[in-house]
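The file protein.pdb contains PDB, C-alpha atoms, pLDDT in the B column:
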```pdb
ATOM      1  CA  MET G 174     -11.785 -10.286 -17.276  1.00 48.00           C
ATOM      2  CA  GLU G 175     -14.368 -10.410 -14.500  1.00 47.00           C
ATOM      3  CA  ASP G 176     -16.714 -13.286 -13.897  1.00 53.00           C
ATOM      4  CA  ASN G 177     -20.271 -12.718 -12.768  1.00 58.00           C
ATOM      5  CA  THR G 178     -19.061 -12.229  -9.178  1.00 57.00           C
ATOM      6  CA  GLY G 179     -17.008  -9.182 -10.153  1.00 66.00           C
ATOM      7  CA  GLU G 180     -13.686 -10.811  -9.252  1.00 74.00           C
ATOM      8  CA  ILE G 181     -10.569  -9.736 -11.098  1.00 72.00           C
ATOM      9  CA  LYS G 182      -8.706 -12.798 -12.372  1.00 76.00           C
ATOM     10  CA  LEU G 183      -4.915 -12.932 -12.240  1.00 73.00           C
ATOM     11  CA  LYS G 184      -4.811 -14.579 -15.681  1.00 79.00           C
ATOM     12  CA  ASP G 185      -6.050 -11.268 -17.094  1.00 75.00           C
ATOM     13  CA  TYR G 186      -3.155  -9.345 -15.561  1.00 69.00           C
ATOM     14  CA  LYS G 187      -2.622  -7.306 -18.753  1.00 72.00           C
ATOM     15  CA  LYS G 188      -6.033  -5.681 -18.262  1.00 78.00           C
ATOM     16  CA  ILE G 189      -5.545  -4.890 -14.562  1.00 76.00           C
ATOM     17  CA  TRP G 190      -4.467  -1.370 -13.724  1.00 78.00           C
ATOM     18  CA  SER G 191      -2.157  -0.962 -10.732  1.00 78.00           C
ATOM     19  CA  LYS G 192      -1.937   2.625  -9.588  1.00 84.00           C
ATOM     20  CA  PHE G 193       0.053   4.295  -6.868  1.00 83.00           C
ATOM     21  CA  CYS G 194      -1.785   6.740  -4.657  1.00 86.00           C
ATOM     22  CA  PHE G 195       0.121   9.349  -2.673  1.00 88.00           C
ATOM     23  CA  LEU G 196      -1.556  10.623   0.488  1.00 89.00           C
ATOM     24  CA  ASP G 197      -0.653  13.419   2.863  1.00 89.00           C
ATOM     25  CA  GLU G 198      -2.336  15.414   5.598  1.00 86.00           C
ATOM     26  CA  SER G 199      -2.273  19.103   6.351  1.00 80.00           C
ATOM     27  CA  GLY G 200      -3.145  20.683   9.605  1.00 66.00           C
ATOM     28  CA  SER G 201      -1.984  19.549  12.958  1.00 64.00           C
ATOM     29  CA  LEU G 202      -3.898  16.759  14.613  1.00 61.00           C
ATOM     30  CA  ASN G 203      -4.149  18.404  18.027  1.00 62.00           C
ATOM     31  CA  PRO G 204      -3.637  22.159  18.529  1.00 65.00           C
ATOM     32  CA  LYS G 205      -6.611  24.518  18.585  1.00 66.00           C
ATOM     33  CA  THR G 206      -4.699  26.838  16.256  1.00 68.00           C
ATOM     34  CA  ALA G 207      -5.306  24.359  13.417  1.00 76.00           C
ATOM     35  CA  PRO G 208      -9.041  23.599  13.450  1.00 81.00           C
ATOM     36  CA  TYR G 209      -9.083  22.104   9.946  1.00 82.00           C
ATOM     37  CA  PHE G 210      -7.685  18.723   9.139  1.00 82.00           C
ATOM     38  CA  THR G 211      -7.302  18.012   5.420  1.00 86.00           C
ATOM     39  CA  ILE G 212      -6.194  14.798   3.777  1.00 88.00           C
ATOM     40  CA  GLY G 213      -5.446  14.703   0.072  1.00 89.00           C
ATOM     41  CA  LEU G 214      -4.633  11.941  -2.371  1.00 88.00           C
ATOM     42  CA  ILE G 215      -3.057  11.930  -5.830  1.00 86.00           C
ATOM     43  CA  LYS G 216      -3.654   8.899  -8.011  1.00 84.00           C
ATOM     44  CA  CYS G 217      -1.090   8.994 -10.776  1.00 76.00           C
ATOM     45  CA  SER G 218      -3.520   8.900 -13.691  1.00 64.00           C
ATOM     46  CA  GLN G 219      -6.116  11.251 -12.193  1.00 51.00           C
ATOM     47  CA  PRO G 220      -6.155  14.592 -10.443  1.00 48.00           C
ATOM     48  CA  TYR G 221      -6.159  14.800  -6.682  1.00 55.00           C
ATOM     49  CA  TYR G 222      -8.903  14.166  -4.143  1.00 64.00           C
ATOM     50  CA  SER G 223      -9.216  16.243  -0.959  1.00 80.00           C
ATOM     51  CA  TYR G 224     -11.375  15.945   2.150  1.00 86.00           C
ATOM     52  CA  THR G 225     -11.492  18.539   4.887  1.00 88.00           C
ATOM     53  CA  VAL G 226     -13.203  18.303   8.241  1.00 89.00           C
ATOM     54  CA  TYR G 227     -13.638  20.932  10.960  1.00 90.00           C
ATOM     55  CA  LYS G 228     -12.297  19.337  14.142  1.00 89.00           C
ATOM     56  CA  ASP G 229     -14.552  21.378  16.456  1.00 89.00           C
ATOM     57  CA  GLY G 230     -17.698  20.693  14.402  1.00 91.00           C
ATOM     58  CA  GLU G 231     -20.581  18.404  15.298  1.00 94.00           C
ATOM     59  CA  TYR G 232     -19.900  16.130  12.300  1.00 93.00           C
ATOM     60  CA  PHE G 233     -16.329  15.485  13.478  1.00 92.00           C
ATOM     61  CA  LYS G 234     -17.503  14.812  17.004  1.00 93.00           C
ATOM     62  CA  LYS G 235     -20.313  12.505  15.896  1.00 95.00           C
ATOM     63  CA  GLU G 236     -18.676  10.704  12.963  1.00 94.00           C
ATOM     64  CA  PHE G 237     -15.169  10.300  14.377  1.00 93.00           C
ATOM     65  CA  LYS G 238     -15.923  10.660  18.103  1.00 92.00           C
ATOM     66  CA  SER G 239     -13.425  13.565  18.199  1.00 89.00           C
ATOM     67  CA  ASP G 240     -10.631  11.014  17.660  1.00 90.00           C
ATOM     68  CA  THR G 241      -8.168  12.425  15.127  1.00 89.00           C
ATOM     69  CA  TRP G 242      -6.501   9.053  14.604  1.00 91.00           C
ATOM     70  CA  ASN G 243      -9.853   7.482  13.762  1.00 92.00           C
ATOM     71  CA  ALA G 244     -10.563  10.417  11.412  1.00 92.00           C
ATOM     72  CA  TYR G 245      -7.180   9.991   9.713  1.00 92.00           C
ATOM     73  CA  GLU G 246      -7.863   6.323   9.048  1.00 94.00           C
ATOM     74  CA  GLN G 247     -11.519   6.714   8.023  1.00 95.00           C
ATOM     75  CA  ILE G 248     -10.875   9.675   5.707  1.00 93.00           C
ATOM     76  CA  SER G 249      -7.973   7.791   4.096  1.00 93.00           C
ATOM     77  CA  ILE G 250     -10.363   4.916   3.416  1.00 95.00           C
ATOM     78  CA  ARG G 251     -13.036   7.238   1.990  1.00 94.00           C
ATOM     79  CA  LEU G 252     -10.540   8.949  -0.323  1.00 91.00           C
ATOM     80  CA  SER G 253      -9.113   5.630  -1.493  1.00 93.00           C
ATOM     81  CA  ASN G 254     -12.571   4.189  -2.147  1.00 93.00           C
ATOM     82  CA  ALA G 255     -13.481   7.342  -4.097  1.00 90.00           C
ATOM     83  CA  ALA G 256     -10.305   7.033  -6.186  1.00 88.00           C
ATOM     84  CA  LEU G 257     -10.769   3.326  -6.910  1.00 90.00           C
ATOM     85  CA  SER G 258     -12.014   2.385 -10.376  1.00 87.00           C
ATOM     86  CA  GLN G 259     -13.000  -0.962 -11.796  1.00 85.00           C
ATOM     87  CA  ASN G 260     -10.136  -3.227 -12.759  1.00 84.00           C
ATOM     88  CA  GLU G 261      -7.741  -1.330 -10.508  1.00 89.00           C
ATOM     89  CA  ILE G 262      -5.586  -2.406  -7.660  1.00 91.00           C
ATOM     90  CA  LEU G 263      -4.202   0.509  -5.659  1.00 93.00           C
ATOM     91  CA  ILE G 264      -1.002   0.871  -3.679  1.00 92.00           C
ATOM     92  CA  LEU G 265      -1.174   3.646  -1.080  1.00 94.00           C
ATOM     93  CA  ILE G 266       1.931   5.629  -0.168  1.00 92.00           C
ATOM     94  CA  ALA G 267       1.091   7.898   2.768  1.00 91.00           C
ATOM     95  CA  ASP G 268       3.074  10.401   4.772  1.00 91.00           C
ATOM     96  CA  HIS G 269       4.504   8.966   7.962  1.00 90.00           C
ATOM     97  CA  ILE G 270       3.223  10.502  11.143  1.00 86.00           C
ATOM     98  CA  ASN G 271       3.826   9.188  14.622  1.00 87.00           C
ATOM     99  CA  VAL G 272       0.723   7.472  15.933  1.00 86.00           C
ATOM    100  CA  PRO G 273      -0.194   5.858  19.252  1.00 89.00           C
ATOM    101  CA  LYS G 274       0.510   2.141  19.568  1.00 91.00           C
ATOM    102  CA  ARG G 275      -3.199   1.329  19.346  1.00 92.00           C
ATOM    103  CA  VAL G 276      -3.375   2.676  15.767  1.00 92.00           C
ATOM    104  CA  ARG G 277      -2.967  -0.002  13.073  1.00 95.00           C
ATOM    105  CA  TYR G 278      -3.337   2.355  10.112  1.00 95.00           C
ATOM    106  CA  GLU G 279      -1.742   0.273   7.344  1.00 96.00           C
ATOM    107  CA  VAL G 280      -3.513  -2.958   8.310  1.00 96.00           C
ATOM    108  CA  ASN G 281      -6.929  -1.346   8.826  1.00 97.00           C
ATOM    109  CA  VAL G 282      -6.895   0.767   5.665  1.00 97.00           C
ATOM    110  CA  LYS G 283      -5.945  -2.176   3.451  1.00 96.00           C
ATOM    111  CA  ARG G 284      -8.426  -4.550   5.088  1.00 97.00           C
ATOM    112  CA  LYS G 285     -11.372  -2.140   5.039  1.00 97.00           C
ATOM    113  CA  ILE G 286     -10.858  -1.064   1.419  1.00 96.00           C
ATOM    114  CA  ASN G 287     -10.641  -4.680   0.283  1.00 95.00           C
ATOM    115  CA  GLN G 288     -13.753  -5.544   2.314  1.00 96.00           C
ATOM    116  CA  HIS G 289     -15.663  -2.595   0.851  1.00 95.00           C
ATOM    117  CA  ALA G 290     -14.690  -3.563  -2.712  1.00 93.00           C
ATOM    118  CA  ASN G 291     -15.191  -7.263  -1.944  1.00 92.00           C
ATOM    119  CA  ARG G 292     -11.969  -8.016  -3.820  1.00 90.00           C
ATOM    120  CA  LEU G 293      -8.274  -7.208  -3.813  1.00 91.00           C
ATOM    121  CA  ALA G 294      -8.482  -3.453  -4.381  1.00 93.00           C
ATOM    122  CA  MET G 295      -5.641  -2.266  -2.125  1.00 95.00           C
ATOM    123  CA  ALA G 296      -2.435  -4.257  -2.563  1.00 93.00           C
ATOM    124  CA  GLY G 297      -0.590  -2.465   0.195  1.00 94.00           C
ATOM    125  CA  VAL G 298      -0.258   0.610   2.371  1.00 96.00           C
ATOM    126  CA  CYS G 299       3.104   2.067   3.279  1.00 92.00           C
ATOM    127  CA  ARG G 300       3.918   5.234   5.198  1.00 91.00           C
ATOM    128  CA  PHE G 301       7.258   6.980   5.002  1.00 86.00           C
ATOM    129  CA  ASP G 302       8.764  10.430   5.438  1.00 87.00           C
ATOM    130  CA  SER G 303       7.212  12.728   2.844  1.00 84.00           C
ATOM    131  CA  LYS G 304      10.434  14.701   2.459  1.00 86.00           C
ATOM    132  CA  GLY G 305      11.726  11.841   0.316  1.00 83.00           C
ATOM    133  CA  ASN G 306       8.838  11.797  -2.160  1.00 83.00           C
ATOM    134  CA  ASP G 307       7.965  14.564  -4.615  1.00 86.00           C
ATOM    135  CA  LEU G 308       4.389  13.380  -5.189  1.00 85.00           C
ATOM    136  CA  ILE G 309       3.576  13.447  -1.485  1.00 88.00           C
ATOM    137  CA  GLN G 310       5.037  16.963  -1.446  1.00 89.00           C
ATOM    138  CA  ILE G 311       2.664  17.932  -4.284  1.00 88.00           C
ATOM    139  CA  VAL G 312      -0.279  16.558  -2.293  1.00 87.00           C
ATOM    140  CA  ASP G 313       0.972  18.625   0.635  1.00 88.00           C
ATOM    141  CA  LEU G 314       1.001  21.779  -1.532  1.00 88.00           C
ATOM    142  CA  PHE G 315      -2.565  21.178  -2.748  1.00 86.00           C
ATOM    143  CA  ILE G 316      -4.026  20.501   0.668  1.00 87.00           C
ATOM    144  CA  GLY G 317      -1.977  23.259   2.291  1.00 86.00           C
ATOM    145  CA  ALA G 318      -3.530  25.725  -0.174  1.00 88.00           C
ATOM    146  CA  ILE G 319      -7.008  24.348   0.577  1.00 87.00           C
ATOM    147  CA  ASN G 320      -6.423  24.645   4.333  1.00 87.00           C
ATOM    148  CA  TYR G 321      -5.053  28.171   3.984  1.00 86.00           C
ATOM    149  CA  ASP G 322      -8.063  29.241   1.909  1.00 87.00           C
ATOM    150  CA  LEU G 323     -10.415  27.825   4.550  1.00 88.00           C
ATOM    151  CA  LYS G 324      -8.501  29.577   7.337  1.00 86.00           C
ATOM    152  CA  MET G 325      -8.592  32.854   5.433  1.00 85.00           C
ATOM    153  CA  SER G 326     -12.310  32.502   4.700  1.00 89.00           C
ATOM    154  CA  THR G 327     -13.089  31.920   8.366  1.00 88.00           C
ATOM    155  CA  GLY G 328     -10.781  34.657   9.672  1.00 84.00           C
ATOM    156  CA  ILE G 329      -8.259  32.376  11.375  1.00 83.00           C
ATOM    157  CA  VAL G 330      -5.482  33.909   9.272  1.00 79.00           C
ATOM    158  CA  LYS G 331      -5.371  37.250   7.538  1.00 76.00           C
ATOM    159  CA  GLU G 332      -4.136  38.135   4.100  1.00 77.00           C
ATOM    160  CA  PHE G 333      -0.491  39.076   3.842  1.00 74.00           C
ATOM    161  CA  ILE G 334      -1.344  42.613   2.721  1.00 77.00           C
ATOM    162  CA  ASP G 335       0.626  44.042   5.644  1.00 78.00           C
ATOM    163  CA  GLY G 336       3.360  41.465   5.323  1.00 78.00           C
ATOM    164  CA  TYR G 337       4.264  38.907   7.939  1.00 78.00           C
ATOM    165  CA  LYS G 338       7.337  38.270  10.010  1.00 82.00           C
ATOM    166  CA  ASN G 339       8.357  35.617  12.495  1.00 81.00           C
ATOM    167  CA  ARG G 340      11.496  33.530  13.013  1.00 79.00           C
ATOM    168  CA  GLN G 341      10.901  31.413   9.891  1.00 73.00           C
ATOM    169  CA  PHE G 342       9.348  33.943   7.493  1.00 71.00           C
ATOM    170  CA  ASN G 343       9.702  37.539   6.493  1.00 79.00           C
ATOM    171  CA  ILE G 344       7.092  38.408   3.873  1.00 76.00           C
ATOM    172  CA  PHE G 345       7.331  41.939   2.585  1.00 76.00           C
ATOM    173  CA  VAL G 346       4.506  43.466   0.529  1.00 74.00           C
ATOM    174  CA  ASP G 347       5.479  46.499  -1.537  1.00 76.00           C
ATOM    175  CA  LYS G 348       3.408  49.661  -0.950  1.00 78.00           C
ATOM    176  CA  ASP G 349       2.495  49.851  -4.657  1.00 78.00           C
ATOM    177  CA  ILE G 350       1.010  46.358  -4.493  1.00 74.00           C
ATOM    178  CA  LYS G 351      -0.909  47.311  -1.340  1.00 75.00           C
ATOM    179  CA  GLN G 352      -2.436  50.306  -3.130  1.00 77.00           C
ATOM    180  CA  LYS G 353      -3.415  48.169  -6.107  1.00 74.00           C
ATOM    181  CA  ILE G 354      -5.053  45.523  -3.894  1.00 73.00           C
ATOM    182  CA  LEU G 355      -6.844  47.956  -1.619  1.00 70.00           C
TER     183      LEU G 355
END
```

What's the structure tokens form of this structure?
Amino acid sequence: MEDNTGEIKLKDYKKIWSKFCFLDESGSLNPKTAPYFTIGLIKCSQPYYSYTVYKDGEYFKKEFKSDTWNAYEQISIRLSNAALSQNEILILIADHINVPKRVRYEVNVKRKINQHANRLAMAGVCRFDSKGNDLIQIVDLFIGAINYDLKMSTGIVKEFIDGYKNRQFNIFVDKDIKQKIL
């Protein structure tokens, strides 16, 4: 299937795996109230991959120059490269987020993954509204849980032991449950 250069040959199409990858992000790109930015990916035949970075940390500042759009692109590439196996060609379906005109996410992600693999490894990248795709919603659930756990561990949010109420939510915790937890 591969020659000594590692190239996948089209004539061996029956041995080539094409997999869809569904990518979503959790955590706002800008506000200080959301210091963690998590991107997750589900490849249909494998479990998910997640990558979280602290936006106020030295690594984020040094590696991504505090540019969230650069981080979004670079982390997407890292996750895709980590998910890529031999004899695979991936198709990335990512959540659509509004980006500045200078950002060429789809073009850059595809080009850089193919350059890194030195072959056609990413057939295409497409972003669309995650509300229309169940698998992107599952990625969102996974990474939302990861982000929440990180926020709880660092004291940004508290447990719901006393309940929580705002305009969107009204979480009530029964007194018997409170006694059992405490």

Sel. within 12 Å of pt (-12.0, 7.5, 13.4), counting all atoms listed in the file, output as a ChimeraX atom specification: /G:228,232-251,276-278,281-282

Test item: which residues lie within 12 Å of (-9.7, 0.5, 1.6) counting only C-alpha atoms, as an NGL selection string: :G and (194 or 246-257 or 262-265 or 278-298)

Separation of atom CA of G:Ile189 from atom CA of G:Cys217, in Å and rounded to one decimal: 15.1 Å

Result set, the PyMOL selection byres ((chain G and resi 310-326) around 12) on current file, as number ranges by chain: G: 194-201, 206-217, 220-227, 266-268, 302-309, 327-333

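For the atom pair formed by atom CA of G:Lys274 and atom CA of G:Arg300, the distance is 15.1 Å, given to one decimal.
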
Point-to-point distance from atom CA of G:Lys351 to atom CA of G:Asn339, Å rounded to tenths: 20.3 Å
